[in-house]
Structures are given as structure tokens and as C-alpha cells.
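**Student:** I'm passing along data.cif; it holds mmCIF, C-alpha atoms.
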data_target
#
loop_
_atom_site.label_atom_id
_atom_site.label_comp_id
_atom_site.auth_asym_id
_atom_site.auth_seq_id
_atom_site.Cartn_x
_atom_site.Cartn_y
_atom_site.Cartn_z
CA MET R 1194 37.33 192.65 -1.69
CA ASP R 1195 35.61 189.46 -2.78
CA ALA R 1196 32.53 187.96 -1.11
CA GLU R 1197 34.51 185.25 0.69
CA LEU R 1198 36.81 187.83 2.27
CA LYS R 1199 33.82 190.01 3.25
CA THR R 1200 32.30 187.02 5.00
CA LYS R 1201 35.55 186.28 6.83
CA PHE R 1202 35.80 189.87 7.97
CA ALA R 1203 32.19 189.88 9.15
CA ASN R 1204 32.93 186.66 11.03
CA LEU R 1205 35.69 188.42 12.98
CA TRP R 1206 32.95 189.95 15.12
CA SER R 1207 30.82 186.79 15.43
CA ASP R 1208 29.61 185.47 18.77
CA ASP R 1209 30.51 181.98 17.53
CA ARG R 1210 34.10 181.67 18.81
CA GLU R 1211 35.02 178.86 16.43
CA LEU R 1212 33.84 180.88 13.42
CA GLN R 1213 35.50 184.00 14.82
CA ASN R 1214 38.84 182.32 15.46
CA LYS R 1215 38.96 180.75 11.99
CA ALA R 1216 38.20 184.11 10.41
CA PHE R 1217 40.83 185.77 12.60
CA TYR R 1218 43.60 183.40 11.52
CA ASP R 1219 42.52 183.64 7.89
CA ILE R 1220 42.57 187.46 8.01
CA LEU R 1221 45.96 187.52 9.74
CA ASN R 1222 47.29 185.21 7.04
CA GLU R 1223 45.82 187.41 4.29
CA THR R 1224 47.33 190.54 5.83
CA ASP R 1225 50.83 189.12 6.21
CA GLN R 1226 51.36 190.86 2.88
CA PRO R 1227 49.99 194.24 1.80
CA VAL R 1228 46.37 194.08 0.66
CA ASP R 1229 44.42 196.48 -1.54
CA TRP R 1230 41.26 196.30 0.58
CA ALA R 1231 42.64 197.67 3.86
CA TYR R 1232 40.49 200.80 3.82
CA GLN R 1233 37.33 198.82 3.19
CA VAL R 1234 37.71 197.31 6.67
CA TRP R 1235 39.83 199.90 8.50
CA GLY R 1236 36.95 201.83 10.06
CA ASP R 1237 35.19 198.66 11.21
CA ALA R 1238 38.36 197.36 12.85
CA LEU R 1239 39.01 200.75 14.45
CA ASN R 1240 35.47 200.86 15.86
CA ASN R 1241 35.92 197.40 17.37
CA LEU R 1242 38.82 198.67 19.49
CA ASN R 1243 36.04 199.88 21.81
CA HIS R 1244 33.81 196.81 21.57
CA LYS R 1245 32.27 195.54 24.83
CA ASP R 1246 33.80 192.10 24.19
CA ASN R 1247 37.52 192.09 24.97
CA HIS R 1248 38.05 189.30 22.43
CA ASN R 1249 36.83 191.65 19.70
CA ARG R 1250 39.08 194.43 21.00
CA ALA R 1251 42.11 192.11 20.84
CA ILE R 1252 41.23 190.96 17.33
CA ALA R 1253 40.69 194.53 16.14
CA ALA R 1254 44.04 195.66 17.52
CA GLN R 1255 45.95 192.79 15.91
CA VAL R 1256 44.20 193.25 12.56
CA ILE R 1257 44.98 196.98 12.51
CA CYS R 1258 48.62 196.23 13.31
CA ASN R 1259 48.71 193.82 10.37
CA LEU R 1260 46.92 196.28 8.08
CA ALA R 1261 49.52 198.98 8.78
CA LYS R 1262 51.70 197.64 5.95
CA SER R 1263 48.79 198.33 3.58
CA ASP R 1264 48.17 201.84 4.92
CA THR R 1265 49.41 203.95 2.02
CA GLU R 1266 47.47 206.99 3.29
CA GLY R 1267 49.12 206.97 6.72
CA ARG R 1268 45.86 206.63 8.66
CA ILE R 1269 47.68 204.83 11.45
CA LEU R 1270 49.46 208.08 12.28
CA LYS R 1271 46.19 209.60 13.49
CA ASP R 1272 44.66 206.35 14.75
CA PHE R 1273 47.68 205.15 16.73
CA ASP R 1274 46.53 206.65 20.03
CA ALA R 1275 43.33 204.58 19.89
CA LEU R 1276 45.47 201.49 19.46
CA LEU R 1277 47.80 202.50 22.28
CA LEU R 1278 44.78 202.76 24.58
CA VAL R 1279 44.15 199.05 24.01
CA THR R 1280 47.54 198.39 25.61
CA LYS R 1281 45.86 199.62 28.82
CA ASP R 1282 42.80 197.42 28.42
CA GLU R 1283 41.00 196.30 31.58
CA ARG R 1284 41.54 192.71 30.44
CA PHE R 1285 45.27 192.09 30.63
CA VAL R 1286 45.26 189.42 27.92
CA THR R 1287 43.76 191.96 25.49
CA ALA R 1288 46.40 194.54 26.35
CA ARG R 1289 49.17 191.97 25.82
CA HIS R 1290 47.85 190.88 22.43
CA CYS R 1291 47.98 194.49 21.32
CA LEU R 1292 51.43 195.09 22.82
CA GLN R 1293 52.80 192.00 21.13
CA SER R 1294 51.54 193.11 17.70
CA ILE R 1295 52.11 196.86 17.78
CA TRP R 1296 55.70 196.56 16.57
CA LYS R 1297 54.39 195.69 13.09
CA ILE R 1298 53.41 199.33 12.68
CA GLY R 1299 56.93 200.51 13.50
CA VAL R 1300 58.50 198.75 10.52
CA VAL R 1301 56.24 200.34 7.89
CA GLY R 1302 58.04 203.68 7.63
CA LYS R 1303 60.01 206.26 9.56
CA GLN R 1304 56.98 208.20 10.83
CA GLN R 1305 55.36 204.99 12.00
CA GLN R 1306 58.60 203.95 13.66
CA ILE R 1307 58.73 207.22 15.56
CA ILE R 1308 55.15 206.99 16.86
CA VAL R 1309 55.64 203.37 17.92
CA VAL R 1310 58.94 203.98 19.71
CA ASP R 1311 57.67 207.15 21.39
CA GLY R 1312 54.33 205.59 22.30
CA LEU R 1313 55.92 202.48 23.76
CA ALA R 1314 58.51 204.52 25.67
CA LYS R 1315 55.74 206.61 27.22
CA ARG R 1316 53.77 203.47 28.03
CA PHE R 1317 56.89 201.95 29.65
CA THR R 1318 57.18 204.83 32.09
CA GLU R 1319 53.44 205.04 32.81
CA CYS R 1320 52.81 201.36 33.49
CA VAL R 1321 54.86 201.16 36.70
CA SER R 1322 51.74 201.52 38.86
CA GLU R 1323 49.86 198.74 37.05
CA LYS R 1324 49.42 195.23 38.40
CA ASN R 1325 51.49 193.39 35.78
CA TYR R 1326 53.90 196.16 34.90
CA THR R 1327 56.93 193.87 34.57
CA LEU R 1328 55.19 191.83 31.86
CA ILE R 1329 54.03 195.02 30.14
CA ARG R 1330 57.59 196.33 30.18
CA TYR R 1331 58.90 193.03 28.84
CA ASP R 1332 56.39 193.12 25.96
CA ILE R 1333 57.31 196.74 25.22
CA LEU R 1334 61.01 195.93 25.07
CA GLN R 1335 60.31 192.86 22.93
CA SER R 1336 58.31 195.04 20.53
CA LEU R 1337 61.15 197.53 20.36
CA ARG R 1338 63.53 194.65 19.67
CA ASN R 1339 61.29 193.42 16.86
CA VAL R 1340 61.28 196.85 15.25
CA TYR R 1341 65.05 197.14 15.68
CA ASP R 1342 65.61 193.72 14.07
CA GLN R 1343 63.70 194.87 11.00
CA VAL R 1344 64.97 198.44 10.57
CA LYS R 1345 68.39 198.35 12.30
CA ASP R 1346 68.03 201.89 13.68
CA GLU R 1347 70.50 202.35 16.56
CA GLU R 1348 68.25 205.01 18.09
CA ILE R 1349 65.84 202.20 18.98
CA ARG R 1350 68.57 200.27 20.78
CA LYS R 1351 69.54 203.46 22.60
CA LYS R 1352 65.94 204.12 23.65
CA ALA R 1353 65.55 200.52 24.87
CA SER R 1354 68.73 200.87 26.94
CA GLU R 1355 67.42 204.08 28.50
CA LEU R 1356 64.16 202.38 29.37
CA MET R 1357 65.90 199.36 30.89
CA GLU R 1358 67.97 201.66 33.09
CA MET R 1359 64.73 203.04 34.53
CA GLU R 1360 63.92 199.64 36.04
CA GLU R 1361 64.86 199.70 39.71
CA ASP R 1362 64.71 195.94 40.28
CA SER R 1363 67.99 194.40 39.07
CA LYS R 1364 66.31 191.03 38.46
CA TYR R 1365 63.93 192.56 35.92
CA ARG R 1366 66.59 194.84 34.46
CA LYS R 1367 68.63 191.70 33.75
CA LYS R 1368 65.60 189.91 32.27
CA TYR R 1369 64.86 192.87 30.01
CA ALA R 1370 68.48 193.13 28.93
CA SER R 1371 68.40 189.48 27.84
CA LEU R 1372 66.14 190.53 24.98
CA TRP R 1373 68.95 192.63 23.53
CA LYS R 1374 71.95 190.37 24.05
CA GLY R 1375 73.70 188.48 21.26
CA LYS R 1376 71.18 188.98 18.52
#
Please go through the file and, once you have read it, give me the structure as C-alpha cells.
**Tutor:**
Amino acid sequence: MDAELKTKFANLWSDDRELQNKAFYDILNETDQPVDWAYQVWGDALNNLNHKDNHNRAIAAQVICNLAKSDTEGRILKDFDALLLVTKDERFVTARHCLQSIWKIGVVGKQQQIIVVDGLAKRFTECVSEKNYTLIRYDILQSLRNVYDQVKDEEIRKKASELMEMEEDSKYRKKYASLWKGK
């Protein structure tokens, strides 16, 4: 990892929001493709999942999701539960950022696909007592759809259908189903 990239990564945790946001977008752009420096920053990103600042937690979650494609050692398999906890963050916006990125892990390999699908399915059933559960469920089903679109595994479609059937409110069941129609 070169000095410029080290600086950008350090800036991810800056109190200066402008500096932090620029670094965040630069790092996301860098990690759109596999990188050879993932493990140089993995632990730092993982530690920031518990940072007192929810902005840092959201950034850490999204960076880890992007780094999953560079995870040749399969670290995400043991670290996934820490990431899934962020989907329950006290700050709803943080939870949503994580939920909307977590699908990127599920397209890396079969084991990753399994933990993402199983984790999201469990989260779908658990979230019913939460304040914004319909949005959480929508994000979960969108994430499943994103994984499905990449890997074309019919088991994912089947699991999504099972989850949608669990929704008691027909209005939301219809909204969720719209994610899976005609694509």
C-alpha cells in the first residue's frame, strides 16, 4: 500500500467530514476491484464497526463489504457476525448503509453466499419488532435480489419468496414482491 493510499485510509476515521467523505469515496472506488492490500486495513476497518461515531461504523461496514472480493483467506466468514450486528445499529441510517452493501459479500463465493443469505433471512425474521422493520425487510430483499442477479442461484429466489410470504401486511408483501418481478 503506497503512502497516498495509507493517508486516504487514515482519513476515513477523520473528524473532518469533508476529508473523511473524500477518502471514503476514493477507497470505495479503489475497492471496486480486488486489491492486494486488503489485509493491511482489514483489522482497522473491523475495529471501527464498534466506533462511537455512527458515521465511522457505516464507513467501516461498507469498506469491509467492498474488501470481501479481495479476501482470499476467507476472513469474512468469521467476521460476518460483527458486520451483521451493524445492521441492528442504534442509528437507523448506519444500519441501512450496511444492509445495502452486505450483498457484495454474497457474490464472492459459495460460502460467502450462504452466510449472507442465511444471515439476512435470520435478520428478516428478527426485525419485525423494530421501528422501521418494513424498510429493513425491503433492504434485505433488495440485497438478496442483488446477490441473485450476480450468481443466478434459484435457491436465493426461493428463500426470498419464503421470506415475503412471512409478511402479514399484503401492501408490504406486494411492495417486496415488486423487487423480484420482471428482472
**Student:** Pull the neighbourhood of (65.9, 198.3, 33.3) for me: all residues within 12 Å in file coordinates, counting only C-alpha atoms, as a ChimeraX atom specification.
**Tutor:** /R:1317-1318,1321,1327,1330-1331,1333-1334,1352-1373
**Student:** Excluding R:Ile1220 and any residue of its chain fewer than 6 positions from it, enumerate the residues within 9 Å of it, using all atoms listed in the file, and give them as an NGL selection string.
**Tutor:** :R and (1198 or 1201-1202 or 1205 or 1256)
**Student:** Can you work out the spacing between atom CA of R:Gly1236 and atom CA of R:Cys1258 in Å, to one decimal?
**Tutor:**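 Interatomic distance, atom CA of R:Gly1236 to atom CA of R:Cys1258: 13.3 Å.
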**Student:** Which residues are near R:Tyr1341? Cut-off 12 Å, all atoms listed in the file, ignore same chain within fewer than 4 positions. Put them as an MDAnalysis selection string.
**Tutor:** chainID R and resid 1296:1297 1299:1300 1306:1307 1309:1310 1334:1337 1345:1353 1372:1373 1376
**Student:** Work out how far atom CA of R:Gln1233 is from atom CA of R:Lys1262, in Å to one decimal.
**Tutor:**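 So the two atoms, atom CA of R:Lys1262 and atom CA of R:Gln1233, lie 14.7 Å apart.
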**Student:** Would you mind telling me which residue in R:Ile1269, R:Cys1320, R:Gly1312, R:Asn1339 lies nearest to R:Ser1294 when using only C-alpha atoms?
**Tutor:**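 That would be R:Asn1339, the residue with the smallest distance to R:Ser1294.
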**Student:** Mind checking which residues fall within 12 Å of R:Gln1304, counting only C-alpha atoms, ignoring those fewer than 6 positions away in the same chain, and posting them as a ChimeraX atom specification?
**Tutor:** /R:1267-1271,1273,1298,1310-1311
**Student:** Write out as a PyMOL selection string which residues come within 7 Å of R:Leu1260 when counting all atoms listed in the file, dropping same-chain ones fewer than 4 positions away.
**Tutor:** chain R and resi 1224+1231+1256+1264
**Student:** Could you tell me which of R:Tyr1232, R:Glu1323, R:Leu1212, R:Gln1255 comes closest to R:Thr1287 if we count all atoms listed in the file?
**Tutor:**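 Of the candidates, the smallest distance to R:Thr1287 is held by R:Gln1255.
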**Student:** Taking (43.4, 194.4, 20.2) in the file's coordinates, which residues come within 12 Å, counting only C-alpha atoms, written as an MDAnalysis selection string?
**Tutor:** chainID R and resid 1217 1238:1244 1246:1259 1275:1295
**Student:** Draw an axis-aligned box over all listed atoms of stretch 1356-1375 of chain R, pad each side with 6 Å, and write its centre and edge lengths in Å, one decimal, as AutoDock Vina command-line options.
**Tutor:**
--center_x 68.8 --center_y 195.8 --center_z 30.8 --size_x 21.8 --size_y 26.6 --size_z 31.0
**Student:** Compare R:Asp1272, R:Arg1210, R:Ser1263, R:Trp1230 by their minimum atom-to-atom distance to R:Asp1195, counting only C-alpha atoms, and give me the closest one.
**Tutor:** R:Trp1230
**Student:** Could you jot down the atom CA of R:Gln1305 to atom CA of R:Lys1324 separation for me, Å, one decimal place?
**Tutor:**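 Distance reported for this atom pair: 28.8 Å.
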**Student:** Between R:Glu1197, R:Asp1208, R:Asp1332, R:Asp1229, which has the minimum distance to R:Ala1261 (counting only C-alpha atoms)?
**Tutor:**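 For R:Ala1261, the nearest of the candidates is R:Asp1229.
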**Student:** Out of R:Lys1315, R:Thr1265, R:Lys1245, R:Ser1322, which residue has the shortest atom-to-atom distance to R:Trp1206 when counting all atoms listed in the file?
**Tutor:**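 Using all atoms listed in the file, R:Trp1206 sits closest to R:Lys1245.
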**Student:** Pick from R:Ile1329, R:Asn1204, R:Lys1303, R:Arg1338: nearest to R:Tyr1218, with all atoms listed in the file counted?
**Tutor:**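 For R:Tyr1218, the nearest of the given residues is R:Asn1204.
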